[in-house]
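S.K.: Hey, dropping work.cif in here, mmCIF, C-alpha atoms and all ligand atoms:
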data_my_file
loop_
_atom_site.label_atom_id
_atom_site.label_comp_id
_atom_site.auth_asym_id
_atom_site.auth_seq_id
_atom_site.Cartn_x
_atom_site.Cartn_y
_atom_site.Cartn_z
CA MET E 48 0.00 0.00 0.00
CA GLY E 49 1.31 3.49 -0.83
CA ALA E 50 2.08 6.12 1.79
CA ILE E 51 -0.38 8.77 2.91
CA ILE E 52 0.64 12.02 1.23
CA LEU E 53 1.00 14.84 3.78
CA ASP E 54 -0.38 17.83 1.89
CA GLY E 55 1.72 20.86 2.83
CA ASN E 56 -0.40 23.23 0.77
CA ARG E 57 -3.53 22.29 2.69
CA ILE E 58 -1.83 22.58 6.10
CA ALA E 59 -0.18 25.88 5.16
CA GLY E 60 -3.60 27.15 4.01
CA GLU E 61 -5.08 26.35 7.44
CA ILE E 62 -2.28 28.21 9.20
CA ARG E 63 -2.56 31.21 6.90
CA ALA E 64 -6.30 31.43 7.55
CA GLU E 65 -5.67 31.38 11.31
CA VAL E 66 -2.94 33.99 10.97
CA ALA E 67 -5.20 36.20 8.82
CA ALA E 68 -7.88 36.14 11.54
CA GLU E 69 -5.31 37.09 14.20
CA VAL E 70 -3.94 39.88 11.99
CA LYS E 71 -7.47 41.21 11.49
CA ALA E 72 -8.12 41.30 15.23
CA MET E 73 -4.77 42.97 15.94
CA THR E 74 -5.29 45.51 13.15
CA SER E 75 -8.71 46.43 14.58
CA ALA E 76 -6.98 46.98 17.92
CA GLY E 77 -4.49 49.34 16.22
CA MET E 78 -1.62 46.83 16.30
CA ARG E 79 -1.22 45.70 12.70
CA PRO E 80 1.82 43.39 12.56
CA GLY E 81 4.61 44.53 10.23
CA LEU E 82 7.46 42.70 8.50
CA ALA E 83 10.56 44.30 6.95
CA VAL E 84 12.48 42.25 4.40
CA VAL E 85 16.05 43.17 3.54
CA LEU E 86 17.15 41.99 0.10
CA VAL E 87 20.71 42.95 -0.81
CA GLY E 88 21.73 43.00 -4.50
CA HIS E 89 20.17 40.91 -7.26
CA ASN E 90 20.31 37.20 -6.47
CA PRO E 91 17.53 35.75 -8.71
CA ALA E 92 16.60 32.94 -6.27
CA SER E 93 16.47 35.42 -3.36
CA GLU E 94 14.28 37.75 -5.42
CA VAL E 95 11.80 34.90 -6.02
CA TYR E 96 11.75 33.99 -2.30
CA VAL E 97 11.23 37.62 -1.25
CA ARG E 98 8.40 38.06 -3.76
CA GLY E 99 6.70 34.99 -2.27
CA LYS E 100 7.12 36.35 1.26
CA THR E 101 5.77 39.84 0.54
CA LYS E 102 2.83 38.37 -1.41
CA ALA E 103 2.02 36.09 1.54
CA CYS E 104 2.08 39.15 3.85
CA GLU E 105 -0.45 40.91 1.62
CA GLU E 106 -2.72 37.87 1.63
CA VAL E 107 -2.87 37.62 5.43
CA GLY E 108 -2.99 41.40 5.97
CA ILE E 109 0.49 41.88 7.47
CA TYR E 110 2.08 45.26 6.67
CA SER E 111 5.31 44.65 4.75
CA GLU E 112 8.12 46.72 3.36
CA LYS E 113 11.12 45.75 1.28
CA HIS E 114 14.58 47.29 1.61
CA THR E 115 16.92 46.71 -1.30
CA PRO E 116 20.47 47.91 -0.59
CA ALA E 117 22.84 47.65 -3.58
CA GLU E 118 25.07 44.60 -4.18
CA SER E 119 28.01 46.80 -3.07
CA ALA E 120 26.46 47.48 0.39
CA THR E 121 28.89 47.38 3.30
CA THR E 122 28.45 45.71 6.67
CA GLU E 123 28.23 49.18 8.26
CA GLU E 124 25.44 50.29 5.92
CA LEU E 125 23.44 47.17 6.69
CA LEU E 126 24.00 47.59 10.43
CA THR E 127 22.62 51.14 10.16
CA LEU E 128 19.53 49.85 8.33
CA ILE E 129 18.99 47.07 10.91
CA ALA E 130 19.37 49.54 13.79
CA ASP E 131 16.68 51.72 12.21
CA LEU E 132 14.32 48.75 11.77
CA ASN E 133 15.02 47.61 15.35
CA ARG E 134 13.93 51.04 16.59
CA ARG E 135 10.70 51.36 14.57
CA ASP E 136 7.57 50.32 16.45
CA GLN E 137 5.66 49.59 13.23
CA ILE E 138 8.09 46.75 12.43
CA ASP E 139 7.61 43.51 14.36
CA GLY E 140 9.71 41.21 12.20
CA ILE E 141 13.00 41.70 10.36
CA LEU E 142 14.08 39.20 7.76
CA VAL E 143 17.50 39.47 6.18
CA GLN E 144 17.40 37.36 3.02
CA LEU E 145 20.50 35.16 2.72
CA PRO E 146 23.02 34.84 1.17
CA LEU E 147 24.52 38.31 1.64
CA PRO E 148 27.30 39.45 -0.74
CA PRO E 149 30.81 38.23 0.19
CA GLN E 150 32.09 41.61 1.45
CA VAL E 151 29.38 41.64 4.14
CA ASP E 152 29.95 40.04 7.54
CA SER E 153 26.69 38.04 7.57
CA LYS E 154 27.04 36.83 11.16
CA LYS E 155 27.51 40.39 12.40
CA VAL E 156 24.43 41.57 10.50
CA LEU E 157 22.24 38.69 11.78
CA LEU E 158 23.47 39.26 15.33
CA ALA E 159 22.40 42.91 15.08
CA VAL E 160 18.72 42.00 14.55
CA ASP E 161 16.75 42.56 17.76
CA PRO E 162 16.00 38.99 19.00
CA ALA E 163 12.39 40.10 19.62
CA LYS E 164 12.07 40.86 15.87
CA ASP E 165 14.13 37.89 14.62
CA VAL E 166 11.34 36.10 12.74
CA ASP E 167 13.84 33.67 11.18
CA GLY E 168 14.78 32.48 14.67
CA PHE E 169 18.49 32.50 13.80
CA HIS E 170 19.71 34.83 16.57
CA PRO E 171 21.74 32.96 19.25
CA MET E 172 19.33 34.25 21.87
CA ASN E 173 16.39 32.55 20.12
CA VAL E 174 18.51 29.43 19.58
CA GLY E 175 19.10 29.44 23.34
CA PHE E 176 15.41 29.96 24.09
CA LEU E 177 14.58 26.96 21.89
CA SER E 178 17.13 24.70 23.54
CA THR E 179 15.95 25.70 27.03
CA GLN E 180 12.23 25.58 26.13
CA ARG E 181 11.55 29.26 26.77
CA PRO E 182 9.12 31.32 24.64
CA GLY E 183 10.94 32.72 21.62
CA LEU E 184 11.00 32.70 17.84
CA VAL E 185 11.61 29.33 16.18
CA PRO E 186 13.09 28.93 12.65
CA CYS E 187 10.29 28.68 10.09
CA THR E 188 11.06 25.41 8.28
CA PRO E 189 11.54 23.34 11.47
CA ALA E 190 8.42 24.93 13.00
CA GLY E 191 6.55 24.00 9.80
CA ILE E 192 7.73 20.38 10.05
CA MET E 193 6.28 20.16 13.57
CA GLU E 194 2.97 21.63 12.33
CA ILE E 195 2.81 18.95 9.61
CA LEU E 196 3.32 16.21 12.21
CA ARG E 197 0.89 17.72 14.72
CA ARG E 198 -1.90 18.52 12.28
CA SER E 199 -1.54 15.10 10.62
CA LYS E 200 -1.87 13.51 14.09
CA ILE E 201 1.44 11.67 13.77
CA PRO E 202 2.60 10.71 17.26
CA VAL E 203 5.99 12.15 18.23
CA ALA E 204 6.39 11.49 21.97
CA GLY E 205 8.37 8.31 22.59
CA GLN E 206 9.03 7.76 18.87
CA GLU E 207 12.45 7.24 17.28
CA ALA E 208 13.18 10.28 15.13
CA VAL E 209 16.19 10.56 12.84
CA VAL E 210 17.17 13.92 11.35
CA ALA E 211 19.55 13.65 8.40
CA GLY E 212 21.36 17.02 8.22
CA ARG E 213 22.70 19.25 11.00
CA SER E 214 22.49 22.77 9.58
CA ASP E 215 21.73 25.68 11.91
CA ILE E 216 18.71 26.52 9.72
CA VAL E 217 17.00 23.13 9.42
CA GLY E 218 18.66 20.06 10.95
CA LYS E 219 19.65 21.30 14.43
CA PRO E 220 16.48 23.26 15.26
CA THR E 221 14.32 20.39 13.94
CA ALA E 222 16.18 17.98 16.21
CA MET E 223 15.68 20.34 19.16
CA LEU E 224 11.93 20.67 18.50
CA LEU E 225 11.62 16.88 18.28
CA ILE E 226 13.51 16.47 21.58
CA ASN E 227 11.23 19.07 23.17
CA ALA E 228 8.27 17.04 21.88
CA ASN E 229 9.67 13.95 23.66
CA ALA E 230 10.96 12.01 20.64
CA THR E 231 14.19 10.02 20.92
CA VAL E 232 16.35 11.85 18.41
CA THR E 233 19.42 10.92 16.36
CA VAL E 234 21.09 13.55 14.18
CA CYS E 235 23.09 12.39 11.13
CA HIS E 236 25.54 14.21 8.86
CA SER E 237 28.19 13.58 6.25
CA LYS E 238 30.45 11.74 8.71
CA THR E 239 27.73 9.37 9.98
CA ARG E 240 28.66 5.71 9.59
CA ASP E 241 26.00 3.49 7.94
CA LEU E 242 23.53 6.31 7.20
CA PRO E 243 20.92 3.94 5.70
CA GLY E 244 21.08 1.70 8.78
CA VAL E 245 20.67 4.63 11.20
CA CYS E 246 17.82 6.12 9.15
CA ARG E 247 16.07 2.74 9.08
CA ARG E 248 15.63 2.95 12.85
CA ALA E 249 13.36 5.96 12.44
CA ASP E 250 9.63 6.09 13.05
CA ILE E 251 9.97 9.69 11.85
CA LEU E 252 12.70 10.41 9.31
CA VAL E 253 13.50 14.02 8.41
CA ALA E 254 15.70 14.38 5.33
CA ALA E 255 17.46 17.76 5.18
CA ILE E 256 20.61 16.98 3.25
CA GLY E 257 20.41 18.84 -0.03
CA ARG E 258 21.06 15.80 -2.29
CA ALA E 259 18.35 14.91 -4.81
CA GLY E 260 16.74 11.55 -4.12
CA MET E 261 19.57 10.33 -1.90
CA VAL E 262 17.20 8.74 0.63
CA THR E 263 16.15 5.53 -1.09
CA ARG E 264 13.94 2.65 0.06
CA GLU E 265 16.78 1.02 1.98
CA TYR E 266 16.87 4.06 4.33
CA VAL E 267 13.26 3.69 5.38
CA LYS E 268 11.55 1.38 7.85
CA PRO E 269 8.22 0.19 6.41
CA GLY E 270 5.42 2.40 7.72
CA ALA E 271 7.70 5.26 8.85
CA THR E 272 6.75 8.91 8.43
CA VAL E 273 9.15 10.63 6.03
CA ILE E 274 9.52 14.41 5.96
CA ASP E 275 11.40 15.57 2.87
CA VAL E 276 12.90 19.03 3.34
CA GLY E 277 15.17 18.92 0.28
CA MET E 278 14.71 21.35 -2.59
CA ASN E 279 17.07 20.40 -5.38
CA GLN E 280 16.96 21.47 -9.02
CA VAL E 281 17.53 18.45 -11.24
CA THR E 282 18.94 19.48 -14.61
CA GLU E 283 20.78 16.35 -15.78
CA ARG E 284 18.95 13.76 -17.83
CA ALA E 285 20.57 10.76 -16.10
CA GLU E 286 19.62 12.05 -12.67
CA PHE E 287 16.13 12.82 -13.91
CA GLU E 288 15.78 9.24 -15.14
CA ARG E 289 17.01 7.82 -11.81
CA LEU E 290 14.27 9.73 -10.00
CA PHE E 291 11.35 10.21 -12.31
CA ALA E 292 11.52 7.66 -15.15
CA GLY E 293 7.97 6.72 -16.20
CA ASN E 294 6.36 9.85 -14.67
CA PRO E 295 4.68 11.62 -17.62
CA LYS E 296 3.90 14.86 -15.70
CA ARG E 297 7.50 15.27 -14.60
CA GLU E 298 8.72 14.27 -18.04
CA GLU E 299 6.71 17.03 -19.66
CA ALA E 300 7.88 19.66 -17.11
CA PHE E 301 11.50 18.59 -17.54
CA ARG E 302 11.24 18.76 -21.32
CA THR E 303 9.72 22.25 -21.36
CA LYS E 304 11.71 23.84 -18.50
CA GLY E 305 14.96 21.84 -18.65
CA SER E 306 14.78 21.23 -14.91
CA THR E 307 12.53 19.91 -12.19
CA LEU E 308 12.41 20.26 -8.41
CA ALA E 309 13.30 17.14 -6.42
CA GLY E 310 13.45 16.41 -2.72
CA ASP E 311 16.14 14.51 -0.85
CA VAL E 312 13.88 11.46 -0.85
CA HIS E 313 13.59 9.14 -3.84
CA PRO E 314 9.98 8.93 -5.08
CA ALA E 315 9.98 5.10 -4.69
CA VAL E 316 10.11 5.62 -0.90
CA ALA E 317 6.36 6.36 -1.09
CA GLU E 318 5.91 2.61 -1.64
CA VAL E 319 7.36 1.73 1.80
CA ALA E 320 6.69 4.78 4.00
CA GLY E 321 3.49 5.11 6.01
CA ALA E 322 3.24 8.85 5.33
CA ILE E 323 5.39 11.20 3.27
CA THR E 324 5.63 14.87 2.31
CA PRO E 325 5.79 15.51 -1.45
CA VAL E 326 8.21 17.87 -3.20
CA PRO E 327 6.92 20.32 -4.25
CA GLY E 328 3.90 20.88 -2.01
CA GLY E 329 5.19 19.44 1.27
CA VAL E 330 7.46 21.34 3.66
CA GLY E 331 8.03 24.30 1.30
CA PRO E 332 4.59 25.96 1.72
CA LEU E 333 4.90 25.65 5.51
CA THR E 334 8.07 27.73 5.59
CA ILE E 335 6.31 30.87 4.38
CA ALA E 336 3.18 30.17 6.45
CA MET E 337 5.35 29.94 9.58
CA LEU E 338 7.09 33.19 8.69
CA MET E 339 3.67 34.84 8.78
CA ALA E 340 2.85 33.07 12.06
CA ASN E 341 6.22 34.16 13.51
CA THR E 342 5.58 37.78 12.57
CA VAL E 343 2.27 37.73 14.44
CA ARG E 344 3.95 35.91 17.33
CA ALA E 345 6.71 38.54 17.46
CA ALA E 346 4.10 41.32 17.43
CA LYS E 347 2.23 39.68 20.31
CA LEU E 348 5.30 38.85 22.40
CA ARG E 349 6.62 42.41 21.97
CA ARG E 350 3.31 43.97 22.93
CA GLY E 351 2.43 41.52 25.67
CA VAL E 352 -0.72 40.28 23.87
CA PRO E 353 -1.62 36.72 24.93
CA GLU E 354 -1.16 34.15 22.18
CA LEU E 355 -3.69 31.73 20.76
CA SER E 356 -2.43 28.19 20.78
CA ARG E 357 -2.61 26.77 17.25
CA ALA E 358 -5.33 24.23 16.42
P1 LIG E 401 23.09 22.51 4.36
O1 LIG E 401 23.38 23.68 5.23
O2 LIG E 401 23.87 22.30 3.12
O3 LIG E 401 23.22 21.20 5.29
C1 LIG E 401 23.18 19.93 4.74
C2 LIG E 401 23.41 18.89 5.82
O4 LIG E 401 23.35 17.61 5.19
C3 LIG E 401 24.76 19.01 6.50
O5 LIG E 401 24.63 18.78 7.88
C4 LIG E 401 25.58 17.90 5.85
O6 LIG E 401 26.52 17.29 6.69
C5 LIG E 401 24.51 16.89 5.52
N1 LIG E 401 24.92 16.08 4.37
C6 LIG E 401 25.31 16.52 3.15
N2 LIG E 401 25.65 15.47 2.37
C7 LIG E 401 25.48 14.36 3.12
C8 LIG E 401 25.66 12.99 2.88
N3 LIG E 401 26.11 12.54 1.69
N4 LIG E 401 25.39 12.12 3.88
C9 LIG E 401 24.95 12.57 5.08
N5 LIG E 401 24.74 13.87 5.37
C10 LIG E 401 25.01 14.76 4.40
O7 LIG E 401 21.58 22.47 3.92
P2 LIG E 401 20.24 23.06 4.63
O8 LIG E 401 20.23 24.54 4.54
O9 LIG E 401 20.02 22.39 5.94
O10 LIG E 401 19.15 22.52 3.58
C11 LIG E 401 18.96 21.14 3.35
C12 LIG E 401 18.01 20.97 2.19
O11 LIG E 401 16.75 21.53 2.57
C13 LIG E 401 18.41 21.69 0.91
O12 LIG E 401 17.95 20.94 -0.19
C14 LIG E 401 17.64 23.00 0.98
O13 LIG E 401 17.38 23.54 -0.29
C15 LIG E 401 16.37 22.53 1.62
N6 LIG E 401 15.62 23.56 2.33
C16 LIG E 401 14.28 23.59 2.12
C17 LIG E 401 13.49 24.50 2.79
C18 LIG E 401 12.03 24.49 2.54
O14 LIG E 401 11.36 25.46 2.81
N7 LIG E 401 11.48 23.37 2.05
C19 LIG E 401 14.07 25.41 3.67
C20 LIG E 401 15.44 25.33 3.91
C21 LIG E 401 16.20 24.40 3.24
P3 LIG E 401 27.83 18.09 7.29
O15 LIG E 401 27.29 18.97 8.37
O16 LIG E 401 28.68 17.00 7.80
O17 LIG E 401 28.41 18.84 6.13
#
Could you quickly redo this structure as structure tokens?
Ligand code: NAP

M.R.:
Amino acid sequence: MGAIILDGNRIAGEIRAEVAAEVKAMTSAGMRPGLAVVLVGHNPASEVYVRGKTKACEEVGIYSEKHTPAESATTEELLTLIADLNRRDQIDGILVQLPLPPQVDSKKVLLAVDPAKDVDGFHPMNVGFLSTQRPGLVPCTPAGIMEILRRSKIPVAGQEAVVAGRSDIVGKPTAMLLINANATVTVCHSKTRDLPGVCRRADILVAAIGRAGMVTREYVKPGATVIDVGMNQVTERAEFERLFAGNPKREEAFRTKGSTLAGDVHPAVAEVAGAITPVPGGVGPLTIAMLMANTVRAAKLRRGVPELSRA
């Protein structure tokens, strides 16, 4: 029997509707949440992401503004901009779109964001809050993964969870959230011995590696829940064939566009997993939905408004 498909678009839609209702109530009370996005230079992928984020703000009623310093911007110039955004009461969330140009000290810029407005949850203070289970802002993709599990009623407490990938953005915060939710967690990386064997222990397997279709059937215990975070552009025919041979929809997209988006999980895993997130349409939509939720959360935490717990 094939796996249940965990529909990220549907879950993200639920969260956006909840966020829109909260934004409406806050706006009526004169506290419209606001997000400032800083996009330095002209990275085409970053421009697409930022467009998606500002459009999502419009849809849920969050005030948004975009700052676009030139590619040649210095660390000092960006620090001045961040200081200004930190000071402004209208701005609840500050998002610095990465990567920043090489002349900029990215860590210094991210550290300058007021932790109370750090809607990406990357500031060491928020990282510390997460690891000590204090209220704070949690990185969007990991928070989205937990929403998928919770809203799909997949048990976490007491389960074996394996997170493949240990980045500060995805792997580590996901592992921390799973620990906080009482899973027994193993974190894997490029030096892990017998990766398939370790992954096969998982009741919940999170793949955040950045390698198209690397997680094959032999990595997955039958019936496990598989969360595929990977977003990889496949452009080579041989790789396409390894992943999508015999899939007419993908074939057509690949022929017209010359590329297709693949997760870290091989599509054949859907034949052994109990539940699986698709790519596209799985974790991706949650990331933006959680950015919206984080902006409202930041606005409430900063203003001392009690929070609704999510459904
Ligand atoms: P990253 O910073 O490149 O981290 C990748 C992790 O995978 C590292 O910990 C690395 O190990 C590990 N890894 C790489 N090759 C491996 C291998 N052969 N065996 C075992 N482990 C291996 O990537 P990231 O930012 O976490 O992103 C991971 C993926 O998620 C990417 O495809 C990215 O595009 C995607 N992503 C998606 C969303 C979304 O919204 N859906 C958001 C963020 C990221 P080492 O630490 O040992 O190098």

S.K.: For ligand LIG 401 (chain E), which residue out of E:Ala228, E:Val95, E:Leu252, E:Ile216 is the nearest one, using all atoms listed in the file?

M.R.: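 Closest to ligand LIG 401 (chain E) of all the choices is E:Ile216.
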
S.K.: Box time for range 81-96 of chain E: axis-aligned, enclosing all its listed atoms, 8 Å extra on each side; report centre and edge lengths in Å to one decimal, as AutoDock Vina command-line options.

M.R.:
--center_x 13.2 --center_y 38.7 --center_z 0.8 --size_x 33.1 --size_y 27.6 --size_z 34.9

S.K.: Kindly work out which residues sit at most 8 Å from ligand LIG 401 (chain E), using only C-alpha atoms and all ligand atoms, and give the list as an MDAnalysis selection string.

M.R.: chainID E and resid 188 211:218 235:239 242 254:259 261 275:279 310:311 329:335

S.K.: I'd like the interatomic distance between CA of Gln180 in chain E and CA of Arg198 in chain E, to a tenth of an Å.

M.R.: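 For CA of Gln180 in chain E relative to CA of Arg198 in chain E, the distance reads 21.0 Å.
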
S.K.: With all atoms listed in the file as the basis for distance, which of E:Ile274, E:Ala285, E:Val143, E:Ala315 is at the shortest distance from Gly191 in chain E?

M.R.: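 Smallest distance to Gly191 in chain E is found for E:Ile274.
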
S.K.: Rank E:Ile323, E:Ala72, E:Ala120, E:Leu225 by their smallest atom-to-atom distance to Pro148 in chain E, using only C-alpha atoms, and report the top residue only.

M.R.: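 Checking each of E:Ile323, E:Ala72, E:Ala120, E:Leu225 against Pro148 in chain E, counting only C-alpha atoms, the winner is E:Ala120.
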
S.K.: Have a look at E:Pro243, E:Gly140, E:Pro353, E:Gly55 and name the one nearest to Pro327 in chain E; count only C-alpha atoms.

M.R.: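 With only C-alpha atoms as the atom set, the closest residue is E:Gly55.
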
S.K.: Out of E:Leu290, E:Lys200, E:Val312, E:Lys219, which residue has the shortest atom-to-atom distance to Val185 in chain E when counting all atoms listed in the file?

M.R.: E:Lys219

S.K.: Find the spatial neighbours of Thr342 in chain E, counting only C-alpha atoms, within a cut-off of 8 Å - ignore same-chain residues fewer than 4 positions away - and output them as a PyMOL selection string.

M.R.: chain E and resi 80-82+139-140+164+166+338+346

S.K.: When you draw a straight line from CA of Thr307 in chain E to CA of Arg247 in chain E, how long is it in Å?

M.R.: 27.6 Å

S.K.: So that I can check the surroundings of Glu105 in chain E, please list as a PyMOL selection string every protein, DNA and RNA residue that reaches within 12 Å of it, counting all atoms listed in the file and ignoring chain neighbours fewer than 4 positions away.

M.R.: chain E and resi 63+66-67+70+80-82+98-101+109-112+339

S.K.: Please dump the current selection as a short mmCIF file (atom, residue, chain, number, x, y, z; two decimals), keeping the file's coordinate frame; keep C-alpha atoms.

M.R.:
data_model
loop_
_atom_site.label_atom_id
_atom_site.label_comp_id
_atom_site.auth_asym_id
_atom_site.auth_seq_id
_atom_site.Cartn_x
_atom_site.Cartn_y
_atom_site.Cartn_z
CA ARG E 63 -2.56 31.21 6.90
CA VAL E 66 -2.94 33.99 10.97
CA ALA E 67 -5.20 36.20 8.82
CA VAL E 70 -3.94 39.88 11.99
CA PRO E 80 1.82 43.39 12.56
CA GLY E 81 4.61 44.53 10.23
CA LEU E 82 7.46 42.70 8.50
CA ARG E 98 8.40 38.06 -3.76
CA GLY E 99 6.70 34.99 -2.27
CA LYS E 100 7.12 36.35 1.26
CA THR E 101 5.77 39.84 0.54
CA ILE E 109 0.49 41.88 7.47
CA TYR E 110 2.08 45.26 6.67
CA SER E 111 5.31 44.65 4.75
CA GLU E 112 8.12 46.72 3.36
CA MET E 339 3.67 34.84 8.78
#

S.K.: Could you jot down the CA of Gly205 in chain E to CA of Ala59 in chain E separation for me, Å, one decimal place?

M.R.: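 Going from CA of Gly205 in chain E over to CA of Ala59 in chain E covers 26.2 Å.
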